[in-house]
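J.: Before we start, here is the structure in question, set down as structure tokens.
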Amino acid sequence: MRRLRACLGAAAAVGLTAAGTTALVAGHASGATSALDNRWYAAAPYLMPLDNDPPDAGTIMDATGLKAFQLAFVLAPNGGGCSPTWGGTAPVSSDTAVQSVINTIRAKGGDVSVSIGGYGGTKLGQACSDAASTAAAYQQVITKYGLHAIDFDLEEPEYENTAAIRNEIGAAKILQQNNPGLYVSVTTAGTADGTGWFGKQMLLEAKSQGFTPNNFSIMPFDGGFNGAASQTSALTNFNSILQSTFGWDQATAYAHEGFSGMNGRSDTGEMFTQADFQTVLDYATSHNMDRFTFWSLNRDRQCSPPDNGGRTSGTCSSVAQNSWDFAKYSVKFAGATPPSTTPTPTPTPTPTSCKTAWSSSSVYTAGDEVSYNQHNWKAKWWTQNEAPAASDWGPWQDEGAC
């Protein structure tokens with residue numbers, strides 16, 4: 001289940017160790033900026049800064065008025081170890097690429113949250129030995145980027161691992177204590193009933209540890225959903241789960257509840273249009289929910305050429321839209337008014353020439369390029385006899401029509 005996530009990784013030494021270590025307050029860390037109002041961190045859409053044809057954050061800000069971005073994803077190194085990387089391959093300790101994106105956003109008056117986990121890859125909660133070492137790894141990220149917000153995206157397969165979830169929730173509690181004012185969201189899978197058995201177990205783990213984040217958000221897609229009505233029904237059911245788990249009244253539960261949607265065509269072929277987003281936004285604001293976000297800004301543009309919903313892509317929505325249509329709903333949730341001018345859709349690029357045709361018998365390594373079904377594809381890692389397809393956790397990256 002879940003978002004088209006490209007798995008991006010080596011080891012960086014863990015600089016903070018014990019749970020009791022007093023961490024640097026994010027506002028005084030290197031590269032920090034003044035914090036935004038929490039409503040902006042609650043409205044920050046997801047952006048992959050290193051993969052899925054990253055759009056220019058400054059362009060989105062100018063076109064929509066958006067100020068906050070949810071950067072994804074921090075994972076454990078693919079080769080093993082308890083140190084933070086972007087996507088399993090790019091060590092946070094030596095990063096300059098993501099820092100450059102953050103600098104651009106902050107120079108325009110915005111800020112970022114960083115999301116850990118996501119679908120696929122090895123999570124730090126799985127790789128680190130306990131909550132303290134997991135927190136120390138995440139503290140490196142907070143300190144390096146001067147973060148005021150962080151998102152724990154706990155889903156398959158990690159949320160099926162009891163020890164890993166214990167580490168993640170414990171780490172979130174430590175970070176919350178050691179970084180006063182840190183905005184913490186916890187995101188997990190959504191079902192028609194609100195969330196599934198593993199999501200409920202995660203909530204019980206949080207209760208047992210005495211941990212309360214700013215919100216628990218569900219992702220009501222990739223589970224047989226059909227438009228906004230099914231999503232708002234799931235949010236209502238999830239509210240009941242929060243009430244029964246934590247003993248909250250309805251209003252308190254909504255004040256700790258969030259929505260994380262998927263714009264356009266989901267991984268399983270569900271379709272969510274701009275009208276669906278408006279309906280869920282109206283629900284979220286009328287119930288005073290704490291968060292409204294979506295996956296992802298990389299997808300917040302029309303496919304080229306338009307494909308009428310025929311495929312799910314990590315780089316476009318598969319619905320008719322102007323670029324950044326869906327980002328404007330986040331802006332509205334934050335309480336701002338998007339610009340009235342409508343951006344011009346991104347022009348259709350002239351197709352490039354096709355690479356050598358893919359062969360099922362050939363061995364391909366990272367960087368190799370092939371053509372398949374009138375698209376060029378680039379290998380992310382070693383692969384053989386895996387046909388290129390728009391599944392971003394697979395071995396191929398779509399480079400567009402040819």
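Ordering of the structure tokens sets the chain letters (A, B, ...), residue numbers begin anew at 1 in every chain, and ligands are numbered from 1 in the order given.
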Report the residues of range 259-369 of chain A whose backbone DSSP state falls under strand (DSSP E or B), written as a PyMOL selection string.
T.: chain A and resi 259-262+264-265+271-272+291-295+357+363-364+369
J.: Generate the output file for the selected residues, N, CA, C and O atoms, as an mmCIF file, in the first residue's frame.
T.:
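File selection35.cif, as written:
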```cif
data_model
loop_
_atom_site.group_PDB
_atom_site.id
_atom_site.type_symbol
_atom_site.label_atom_id
_atom_site.label_comp_id
_atom_site.auth_asym_id
_atom_site.auth_seq_id
_atom_site.Cartn_x
_atom_site.Cartn_y
_atom_site.Cartn_z
ATOM 1 N N PHE A 259 -5.098 14.702 7.778
ATOM 2 C CA PHE A 259 -5.379 14.043 6.498
ATOM 3 C C PHE A 259 -4.147 14.161 5.607
ATOM 4 O O PHE A 259 -3.555 15.239 5.475
ATOM 5 N N SER A 260 -3.763 13.045 4.997
ATOM 6 C CA SER A 260 -2.671 13.037 4.018
ATOM 7 C C SER A 260 -3.178 12.304 2.782
ATOM 8 O O SER A 260 -3.312 11.082 2.785
ATOM 9 N N GLY A 261 -3.506 13.057 1.732
ATOM 10 C CA GLY A 261 -4.103 12.477 0.537
ATOM 11 C C GLY A 261 -3.100 12.219 -0.562
ATOM 12 O O GLY A 261 -1.895 12.415 -0.403
ATOM 13 N N MET A 262 -3.616 11.760 -1.697
ATOM 14 C CA MET A 262 -2.790 11.568 -2.893
ATOM 15 C C MET A 262 -3.518 12.232 -4.050
ATOM 16 O O MET A 262 -4.679 11.917 -4.331
ATOM 17 N N GLY A 264 -4.689 13.199 -7.720
ATOM 18 C CA GLY A 264 -4.794 12.506 -8.998
ATOM 19 C C GLY A 264 -4.988 11.019 -8.837
ATOM 20 O O GLY A 264 -5.738 10.556 -7.973
ATOM 21 N N ARG A 265 -4.276 10.260 -9.679
ATOM 22 C CA ARG A 265 -4.431 8.803 -9.704
ATOM 23 C C ARG A 265 -3.527 8.157 -8.667
ATOM 24 O O ARG A 265 -2.311 8.387 -8.650
ATOM 25 N N MET A 271 -9.037 7.649 -8.212
ATOM 26 C CA MET A 271 -8.884 8.987 -8.772
ATOM 27 C C MET A 271 -9.367 10.028 -7.768
ATOM 28 O O MET A 271 -10.472 9.931 -7.229
ATOM 29 N N PHE A 272 -8.530 11.024 -7.512
ATOM 30 C CA PHE A 272 -8.867 12.111 -6.601
ATOM 31 C C PHE A 272 -8.622 13.437 -7.317
ATOM 32 O O PHE A 272 -7.486 13.800 -7.609
ATOM 33 N N ARG A 291 -4.256 18.919 10.476
ATOM 34 C CA ARG A 291 -3.325 18.792 9.348
ATOM 35 C C ARG A 291 -4.073 18.441 8.070
ATOM 36 O O ARG A 291 -5.043 17.677 8.079
ATOM 37 N N PHE A 292 -3.565 19.011 6.953
ATOM 38 C CA PHE A 292 -4.091 18.709 5.624
ATOM 39 C C PHE A 292 -2.904 18.761 4.669
ATOM 40 O O PHE A 292 -2.344 19.821 4.401
ATOM 41 N N THR A 293 -2.502 17.604 4.161
ATOM 42 C CA THR A 293 -1.333 17.531 3.292
ATOM 43 C C THR A 293 -1.594 16.507 2.194
ATOM 44 O O THR A 293 -2.651 15.878 2.153
ATOM 45 N N PHE A 294 -0.628 16.346 1.286
ATOM 46 C CA PHE A 294 -0.824 15.366 0.217
ATOM 47 C C PHE A 294 0.506 14.924 -0.378
ATOM 48 O O PHE A 294 1.529 15.592 -0.260
ATOM 49 N N TRP A 295 0.448 13.796 -1.044
ATOM 50 C CA TRP A 295 1.550 13.204 -1.795
ATOM 51 C C TRP A 295 1.225 13.296 -3.281
ATOM 52 O O TRP A 295 0.329 12.616 -3.743
ATOM 53 N N ALA A 357 16.522 -0.399 -27.172
ATOM 54 C CA ALA A 357 15.363 -1.083 -26.607
ATOM 55 C C ALA A 357 15.753 -2.000 -25.447
ATOM 56 O O ALA A 357 16.803 -2.659 -25.476
ATOM 57 N N VAL A 363 21.667 -7.492 -18.599
ATOM 58 C CA VAL A 363 21.890 -7.022 -17.234
ATOM 59 C C VAL A 363 22.118 -5.517 -17.295
ATOM 60 O O VAL A 363 22.908 -5.027 -18.101
ATOM 61 N N TYR A 364 21.412 -4.767 -16.435
ATOM 62 C CA TYR A 364 21.544 -3.321 -16.391
ATOM 63 C C TYR A 364 21.992 -2.901 -14.994
ATOM 64 O O TYR A 364 21.574 -3.498 -13.988
ATOM 65 N N GLU A 369 20.542 3.335 -19.595
ATOM 66 C CA GLU A 369 19.299 3.845 -20.160
ATOM 67 C C GLU A 369 18.797 2.924 -21.267
ATOM 68 O O GLU A 369 19.592 2.395 -22.052
#
```
J.: Once DSSP has gone over the backbone, tell me which residues of range 72-285 of chain A are in alpha helix (DSSP H), as a tab-separated table (two decimals) with N, CA, C and O atoms, in the first residue's frame.
T.:
```tsv
chain	number	residue	atom	x	y	z
A	97	ALA	N	22.91	19.01	-1.45
A	97	ALA	CA	21.82	19.16	-2.43
A	97	ALA	C	20.51	19.54	-1.75
A	97	ALA	O	19.83	20.49	-2.17
A	98	VAL	N	20.12	18.80	-0.71
A	98	VAL	CA	18.87	19.12	-0.02
A	98	VAL	C	19.02	20.44	0.72
A	98	VAL	O	18.09	21.25	0.77
A	99	GLN	N	20.20	20.69	1.29
A	99	GLN	CA	20.44	21.95	1.97
A	99	GLN	C	20.22	23.13	1.03
A	99	GLN	O	19.66	24.16	1.42
A	100	SER	N	20.62	22.96	-0.24
A	100	SER	CA	20.41	24.03	-1.22
A	100	SER	C	18.93	24.29	-1.45
A	100	SER	O	18.50	25.45	-1.57
A	101	VAL	N	18.14	23.22	-1.52
A	101	VAL	CA	16.69	23.37	-1.68
A	101	VAL	C	16.10	24.12	-0.48
A	101	VAL	O	15.28	25.04	-0.63
A	102	ILE	N	16.54	23.73	0.72
A	102	ILE	CA	16.05	24.38	1.94
A	102	ILE	C	16.43	25.86	1.95
A	102	ILE	O	15.62	26.73	2.30
A	103	ASN	N	17.65	26.15	1.54
A	103	ASN	CA	18.10	27.54	1.52
A	103	ASN	C	17.23	28.38	0.58
A	103	ASN	O	16.89	29.53	0.88
A	104	THR	N	16.89	27.80	-0.57
A	104	THR	CA	16.03	28.50	-1.53
A	104	THR	C	14.67	28.82	-0.92
A	104	THR	O	14.16	29.93	-1.04
A	105	ILE	N	14.09	27.83	-0.24
A	105	ILE	CA	12.77	28.01	0.37
A	105	ILE	C	12.83	29.06	1.47
A	105	ILE	O	11.97	29.96	1.56
A	106	ARG	N	13.86	28.99	2.30
A	106	ARG	CA	13.95	29.94	3.42
A	106	ARG	C	14.26	31.35	2.95
A	106	ARG	O	13.80	32.33	3.56
A	107	ALA	N	15.01	31.46	1.87
A	107	ALA	CA	15.32	32.79	1.33
A	107	ALA	C	14.07	33.51	0.85
A	107	ALA	O	14.03	34.75	0.77
A	124	LEU	N	15.06	3.83	10.12
A	124	LEU	CA	16.00	3.90	11.23
A	124	LEU	C	15.46	3.18	12.46
A	124	LEU	O	16.23	2.61	13.24
A	125	GLY	N	14.14	3.15	12.63
A	125	GLY	CA	13.57	2.39	13.74
A	125	GLY	C	13.84	0.90	13.64
A	125	GLY	O	13.85	0.19	14.64
A	126	GLN	N	14.04	0.42	12.41
A	126	GLN	CA	14.39	-0.98	12.21
A	126	GLN	C	15.88	-1.22	12.40
A	126	GLN	O	16.30	-2.28	12.88
A	127	ALA	N	16.70	-0.24	12.00
A	127	ALA	CA	18.15	-0.42	11.99
A	127	ALA	C	18.81	-0.07	13.31
A	127	ALA	O	19.86	-0.65	13.65
A	131	ALA	N	15.25	3.18	21.18
A	131	ALA	CA	14.68	4.50	20.93
A	131	ALA	C	15.71	5.61	21.03
A	131	ALA	O	15.69	6.57	20.25
A	132	ALA	N	16.65	5.49	21.98
A	132	ALA	CA	17.65	6.54	22.17
A	132	ALA	C	18.55	6.68	20.96
A	132	ALA	O	18.83	7.81	20.51
A	133	SER	N	19.02	5.56	20.40
A	133	SER	CA	19.89	5.65	19.23
A	133	SER	C	19.11	6.08	18.00
A	133	SER	O	19.64	6.79	17.12
A	134	THR	N	17.83	5.70	17.92
A	134	THR	CA	16.98	6.17	16.81
A	134	THR	C	16.81	7.67	16.90
A	134	THR	O	16.94	8.39	15.90
A	135	ALA	N	16.55	8.17	18.09
A	135	ALA	CA	16.39	9.61	18.28
A	135	ALA	C	17.69	10.36	17.97
A	135	ALA	O	17.66	11.44	17.37
A	136	ALA	N	18.83	9.77	18.34
A	136	ALA	CA	20.11	10.42	18.07
A	136	ALA	C	20.35	10.56	16.58
A	136	ALA	O	20.89	11.57	16.11
A	137	ALA	N	19.93	9.56	15.81
A	137	ALA	CA	20.07	9.64	14.35
A	137	ALA	C	19.19	10.76	13.79
A	137	ALA	O	19.63	11.55	12.95
A	138	TYR	N	17.95	10.85	14.26
A	138	TYR	CA	17.06	11.90	13.78
A	138	TYR	C	17.52	13.28	14.25
A	138	TYR	O	17.31	14.28	13.55
A	139	GLN	N	18.14	13.33	15.44
A	139	GLN	CA	18.61	14.62	15.94
A	139	GLN	C	19.68	15.21	15.02
A	139	GLN	O	19.76	16.44	14.87
A	140	GLN	N	20.45	14.35	14.36
A	140	GLN	CA	21.42	14.85	13.39
A	140	GLN	C	20.72	15.64	12.28
A	140	GLN	O	21.22	16.67	11.81
A	141	VAL	N	19.57	15.14	11.85
A	141	VAL	CA	18.81	15.79	10.79
A	141	VAL	C	18.26	17.13	11.28
A	141	VAL	O	18.36	18.16	10.61
A	142	ILE	N	17.68	17.12	12.48
A	142	ILE	CA	17.12	18.34	13.06
A	142	ILE	C	18.20	19.41	13.22
A	142	ILE	O	18.01	20.58	12.87
A	143	THR	N	19.35	18.99	13.72
A	143	THR	CA	20.43	19.94	13.98
A	143	THR	C	21.04	20.46	12.69
A	143	THR	O	21.26	21.67	12.54
A	144	LYS	N	21.29	19.58	11.74
A	144	LYS	CA	21.92	20.02	10.49
A	144	LYS	C	21.08	21.05	9.77
A	144	LYS	O	21.59	22.05	9.27
A	145	TYR	N	19.77	20.80	9.68
A	145	TYR	CA	18.90	21.67	8.89
A	145	TYR	C	18.16	22.71	9.73
A	145	TYR	O	17.38	23.50	9.18
A	162	THR	N	6.85	-4.65	15.63
A	162	THR	CA	6.55	-4.08	16.94
A	162	THR	C	7.75	-3.35	17.53
A	162	THR	O	7.62	-2.24	18.07
A	163	ALA	N	8.94	-3.95	17.44
A	163	ALA	CA	10.14	-3.33	18.01
A	163	ALA	C	10.48	-2.04	17.29
A	163	ALA	O	10.87	-1.04	17.92
A	164	ALA	N	10.34	-2.03	15.96
A	164	ALA	CA	10.65	-0.83	15.19
A	164	ALA	C	9.70	0.31	15.55
A	164	ALA	O	10.14	1.47	15.70
A	165	ILE	N	8.42	0.02	15.68
A	165	ILE	CA	7.45	1.06	16.04
A	165	ILE	C	7.72	1.57	17.45
A	165	ILE	O	7.60	2.77	17.72
A	166	ARG	N	8.12	0.68	18.34
A	166	ARG	CA	8.48	1.12	19.70
A	166	ARG	C	9.66	2.10	19.64
A	166	ARG	O	9.67	3.12	20.33
A	167	ASN	N	10.64	1.79	18.79
A	167	ASN	CA	11.78	2.70	18.64
A	167	ASN	C	11.36	4.04	18.04
A	167	ASN	O	11.82	5.10	18.48
A	168	GLU	N	10.50	4.01	17.03
A	168	GLU	CA	10.08	5.24	16.37
A	168	GLU	C	9.28	6.14	17.32
A	168	GLU	O	9.53	7.35	17.41
A	169	ILE	N	8.31	5.56	18.00
A	169	ILE	CA	7.49	6.35	18.93
A	169	ILE	C	8.35	6.86	20.07
A	169	ILE	O	8.23	8.03	20.49
A	170	GLY	N	9.24	6.01	20.58
A	170	GLY	CA	10.14	6.44	21.64
A	170	GLY	C	11.05	7.57	21.18
A	170	GLY	O	11.30	8.53	21.92
A	171	ALA	N	11.55	7.46	19.95
A	171	ALA	CA	12.40	8.51	19.39
A	171	ALA	C	11.63	9.81	19.24
A	171	ALA	O	12.14	10.90	19.54
A	172	ALA	N	10.39	9.72	18.75
A	172	ALA	CA	9.56	10.92	18.59
A	172	ALA	C	9.36	11.62	19.93
A	172	ALA	O	9.41	12.86	20.02
A	173	LYS	N	9.14	10.85	20.98
A	173	LYS	CA	8.95	11.43	22.31
A	173	LYS	C	10.21	12.13	22.79
A	173	LYS	O	10.17	13.24	23.33
A	174	ILE	N	11.37	11.49	22.56
A	174	ILE	CA	12.66	12.08	22.97
A	174	ILE	C	12.89	13.40	22.21
A	174	ILE	O	13.29	14.41	22.80
A	175	LEU	N	12.66	13.38	20.91
A	175	LEU	CA	12.88	14.59	20.10
A	175	LEU	C	11.95	15.71	20.54
A	175	LEU	O	12.34	16.89	20.59
A	176	GLN	N	10.73	15.36	20.86
A	176	GLN	CA	9.75	16.35	21.31
A	176	GLN	C	10.22	16.99	22.62
A	176	GLN	O	10.09	18.21	22.81
A	177	GLN	N	10.80	16.18	23.49
A	177	GLN	CA	11.27	16.70	24.78
A	177	GLN	C	12.53	17.54	24.62
A	177	GLN	O	12.70	18.56	25.29
A	178	ASN	N	13.43	17.13	23.74
A	178	ASN	CA	14.74	17.77	23.61
A	178	ASN	C	14.76	18.96	22.66
A	178	ASN	O	15.76	19.68	22.59
A	197	TRP	N	-5.33	-2.65	11.72
A	197	TRP	CA	-4.87	-3.22	12.99
A	197	TRP	C	-3.51	-2.68	13.38
A	197	TRP	O	-3.29	-2.30	14.53
A	198	PHE	N	-2.59	-2.57	12.42
A	198	PHE	CA	-1.25	-2.10	12.75
A	198	PHE	C	-1.27	-0.62	13.11
A	198	PHE	O	-0.51	-0.17	13.97
A	199	GLY	N	-2.12	0.16	12.45
A	199	GLY	CA	-2.26	1.56	12.83
A	199	GLY	C	-2.78	1.71	14.24
A	199	GLY	O	-2.31	2.56	15.01
A	200	LYS	N	-3.73	0.86	14.61
A	200	LYS	CA	-4.28	0.91	15.97
A	200	LYS	C	-3.23	0.49	17.00
A	200	LYS	O	-3.16	1.06	18.10
A	201	GLN	N	-2.40	-0.49	16.64
A	201	GLN	CA	-1.32	-0.90	17.54
A	201	GLN	C	-0.33	0.23	17.74
A	201	GLN	O	0.21	0.42	18.84
A	202	MET	N	-0.06	0.98	16.68
A	202	MET	CA	0.84	2.13	16.79
A	202	MET	C	0.28	3.17	17.75
A	202	MET	O	1.00	3.73	18.59
A	203	LEU	N	-1.03	3.42	17.67
A	203	LEU	CA	-1.66	4.37	18.58
A	203	LEU	C	-1.57	3.87	20.03
A	203	LEU	O	-1.31	4.67	20.95
A	204	LEU	N	-1.75	2.59	20.23
A	204	LEU	CA	-1.65	2.02	21.58
A	204	LEU	C	-0.22	2.13	22.11
A	204	LEU	O	-0.01	2.35	23.31
A	205	GLU	N	0.77	1.99	21.21
A	205	GLU	CA	2.17	2.16	21.62
A	205	GLU	C	2.40	3.60	22.07
A	205	GLU	O	3.08	3.84	23.09
A	206	ALA	N	1.86	4.55	21.32
A	206	ALA	CA	2.00	5.95	21.70
A	206	ALA	C	1.35	6.21	23.06
A	206	ALA	O	1.92	6.91	23.92
A	207	LYS	N	0.18	5.63	23.27
A	207	LYS	CA	-0.50	5.79	24.56
A	207	LYS	C	0.32	5.20	25.68
A	207	LYS	O	0.47	5.82	26.76
A	208	SER	N	0.89	4.03	25.46
A	208	SER	CA	1.66	3.36	26.52
A	208	SER	C	2.92	4.14	26.89
A	208	SER	O	3.37	4.10	28.03
A	209	GLN	N	3.47	4.88	25.91
A	209	GLN	CA	4.67	5.67	26.19
A	209	GLN	C	4.35	7.10	26.64
A	209	GLN	O	5.25	7.88	26.92
A	228	ALA	N	-13.98	11.76	-2.47
A	228	ALA	CA	-13.92	12.44	-1.19
A	228	ALA	C	-14.86	11.86	-0.14
A	228	ALA	O	-14.52	11.83	1.05
A	229	ALA	N	-16.03	11.38	-0.55
A	229	ALA	CA	-16.99	10.88	0.45
A	229	ALA	C	-16.41	9.71	1.23
A	229	ALA	O	-16.59	9.62	2.45
A	230	SER	N	-15.70	8.83	0.55
A	230	SER	CA	-15.10	7.69	1.24
A	230	SER	C	-13.96	8.15	2.15
A	230	SER	O	-13.70	7.54	3.20
A	231	GLN	N	-13.29	9.24	1.78
A	231	GLN	CA	-12.20	9.75	2.60
A	231	GLN	C	-12.72	10.43	3.86
A	231	GLN	O	-12.18	10.22	4.95
A	232	THR	N	-13.73	11.25	3.73
A	232	THR	CA	-14.27	11.92	4.92
A	232	THR	C	-14.92	10.91	5.87
A	232	THR	O	-14.87	11.08	7.09
A	233	SER	N	-15.49	9.84	5.31
A	233	SER	CA	-16.03	8.78	6.16
A	233	SER	C	-14.92	8.12	6.97
A	233	SER	O	-15.08	7.86	8.17
A	234	ALA	N	-13.79	7.87	6.33
A	234	ALA	CA	-12.64	7.28	7.03
A	234	ALA	C	-12.12	8.23	8.12
A	234	ALA	O	-11.74	7.79	9.21
A	235	LEU	N	-12.11	9.53	7.83
A	235	LEU	CA	-11.65	10.50	8.83
A	235	LEU	C	-12.59	10.53	10.03
A	235	LEU	O	-12.15	10.66	11.18
A	236	THR	N	-13.89	10.41	9.78
A	236	THR	CA	-14.85	10.35	10.87
A	236	THR	C	-14.61	9.11	11.73
A	236	THR	O	-14.61	9.17	12.97
A	237	ASN	N	-14.38	7.97	11.07
A	237	ASN	CA	-14.12	6.73	11.80
A	237	ASN	C	-12.81	6.80	12.58
A	237	ASN	O	-12.71	6.28	13.70
A	238	PHE	N	-11.80	7.43	11.98
A	238	PHE	CA	-10.52	7.55	12.67
A	238	PHE	C	-10.66	8.44	13.90
A	238	PHE	O	-10.01	8.20	14.92
A	239	ASN	N	-11.50	9.45	13.81
A	239	ASN	CA	-11.75	10.29	14.98
A	239	ASN	C	-12.28	9.46	16.14
A	239	ASN	O	-11.87	9.66	17.30
A	240	SER	N	-13.17	8.53	15.84
A	240	SER	CA	-13.72	7.66	16.89
A	240	SER	C	-12.63	6.79	17.50
A	240	SER	O	-12.61	6.53	18.71
A	241	ILE	N	-11.68	6.32	16.65
A	241	ILE	CA	-10.56	5.52	17.16
A	241	ILE	C	-9.69	6.35	18.10
A	241	ILE	O	-9.26	5.87	19.16
A	242	LEU	N	-9.42	7.59	17.73
A	242	LEU	CA	-8.61	8.46	18.59
A	242	LEU	C	-9.33	8.70	19.92
A	242	LEU	O	-8.69	8.70	20.99
A	243	GLN	N	-10.65	8.89	19.87
A	243	GLN	CA	-11.40	9.09	21.10
A	243	GLN	C	-11.30	7.87	22.02
A	243	GLN	O	-11.00	8.00	23.21
A	244	SER	N	-11.53	6.69	21.45
A	244	SER	CA	-11.54	5.49	22.28
A	244	SER	C	-10.15	5.11	22.78
A	244	SER	O	-10.00	4.57	23.88
A	245	THR	N	-9.11	5.42	21.99
A	245	THR	CA	-7.75	5.06	22.39
A	245	THR	C	-7.23	5.96	23.50
A	245	THR	O	-6.66	5.49	24.48
A	246	PHE	N	-7.42	7.26	23.33
A	246	PHE	CA	-6.81	8.21	24.25
A	246	PHE	C	-7.77	8.83	25.27
A	246	PHE	O	-7.35	9.59	26.14
A	250	GLN	N	-14.65	14.39	21.19
A	250	GLN	CA	-14.59	14.50	19.73
A	250	GLN	C	-13.75	15.68	19.28
A	250	GLN	O	-12.92	15.57	18.37
A	251	ALA	N	-13.93	16.84	19.90
A	251	ALA	CA	-13.21	18.04	19.49
A	251	ALA	C	-11.71	17.89	19.72
A	251	ALA	O	-10.89	18.31	18.87
A	252	THR	N	-11.33	17.31	20.84
A	252	THR	CA	-9.90	17.09	21.12
A	252	THR	C	-9.29	16.13	20.11
A	252	THR	O	-8.16	16.33	19.65
A	253	ALA	N	-10.06	15.10	19.76
A	253	ALA	CA	-9.57	14.13	18.77
A	253	ALA	C	-9.36	14.80	17.42
A	253	ALA	O	-8.34	14.58	16.75
A	254	TYR	N	-10.32	15.63	17.00
A	254	TYR	CA	-10.14	16.33	15.72
A	254	TYR	C	-8.95	17.28	15.77
A	254	TYR	O	-8.24	17.46	14.77
A	255	ALA	N	-8.70	17.89	16.92
A	255	ALA	CA	-7.57	18.81	17.06
A	255	ALA	C	-6.23	18.09	16.99
A	255	ALA	O	-5.19	18.72	16.83
A	274	GLN	N	-9.46	17.76	-8.10
A	274	GLN	CA	-9.46	19.01	-7.35
A	274	GLN	C	-10.75	19.14	-6.54
A	274	GLN	O	-10.73	19.64	-5.41
A	275	ALA	N	-11.87	18.71	-7.10
A	275	ALA	CA	-13.15	18.79	-6.38
A	275	ALA	C	-13.12	17.92	-5.12
A	275	ALA	O	-13.67	18.30	-4.07
A	276	ASP	N	-12.49	16.75	-5.21
A	276	ASP	CA	-12.37	15.88	-4.03
A	276	ASP	C	-11.53	16.57	-2.95
A	276	ASP	O	-11.86	16.52	-1.75
A	277	PHE	N	-10.44	17.20	-3.36
A	277	PHE	CA	-9.60	17.90	-2.40
A	277	PHE	C	-10.38	19.03	-1.71
A	277	PHE	O	-10.24	19.24	-0.50
A	278	GLN	N	-11.20	19.75	-2.47
A	278	GLN	CA	-11.98	20.83	-1.88
A	278	GLN	C	-12.95	20.28	-0.84
A	278	GLN	O	-13.13	20.86	0.24
A	279	THR	N	-13.58	19.15	-1.14
A	279	THR	CA	-14.54	18.56	-0.20
A	279	THR	C	-13.84	18.15	1.09
A	279	THR	O	-14.35	18.41	2.19
A	280	VAL	N	-12.68	17.50	0.97
A	280	VAL	CA	-11.95	17.08	2.17
A	280	VAL	C	-11.43	18.30	2.92
A	280	VAL	O	-11.44	18.34	4.16
A	281	LEU	N	-10.98	19.32	2.20
A	281	LEU	CA	-10.53	20.55	2.86
A	281	LEU	C	-11.66	21.17	3.67
A	281	LEU	O	-11.46	21.60	4.82
A	282	ASP	N	-12.85	21.23	3.09
A	282	ASP	CA	-14.00	21.78	3.81
A	282	ASP	C	-14.29	20.97	5.08
A	282	ASP	O	-14.60	21.54	6.14
A	283	TYR	N	-14.16	19.65	4.97
A	283	TYR	CA	-14.37	18.78	6.14
A	283	TYR	C	-13.32	19.07	7.20
A	283	TYR	O	-13.63	19.22	8.39
A	284	ALA	N	-12.06	19.15	6.77
A	284	ALA	CA	-10.95	19.35	7.72
A	284	ALA	C	-11.08	20.68	8.45
A	284	ALA	O	-10.89	20.76	9.67
A	285	THR	N	-11.41	21.74	7.72
A	285	THR	CA	-11.50	23.05	8.35
A	285	THR	C	-12.75	23.17	9.23
A	285	THR	O	-12.70	23.76	10.31
```
J.: Give me, as a list in words, all polymer residues having an atom no more than 8 Å from Trp40 in chain A, counting only C-alpha atoms and skipping those fewer than 2 positions away in the same chain.
T.: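 The residues satisfying every condition are Leu36, Asp37, Asn38, Ala42, Ala43, Ala44, Lys67, Ala68 and Ala334 of chain A.
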J.: I'd like the interatomic distance between CA of Cys82 in chain A and CA of Glu160 in chain A, to a tenth of an Å.
T.: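 A separation of 19.6 Å between them.
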J.: Considering only C-alpha atoms, can you say which of A:Gly310, A:Pro220, A:Pro180, A:Pro49 comes closest to Gln70 in chain A?
T.: A:Pro49
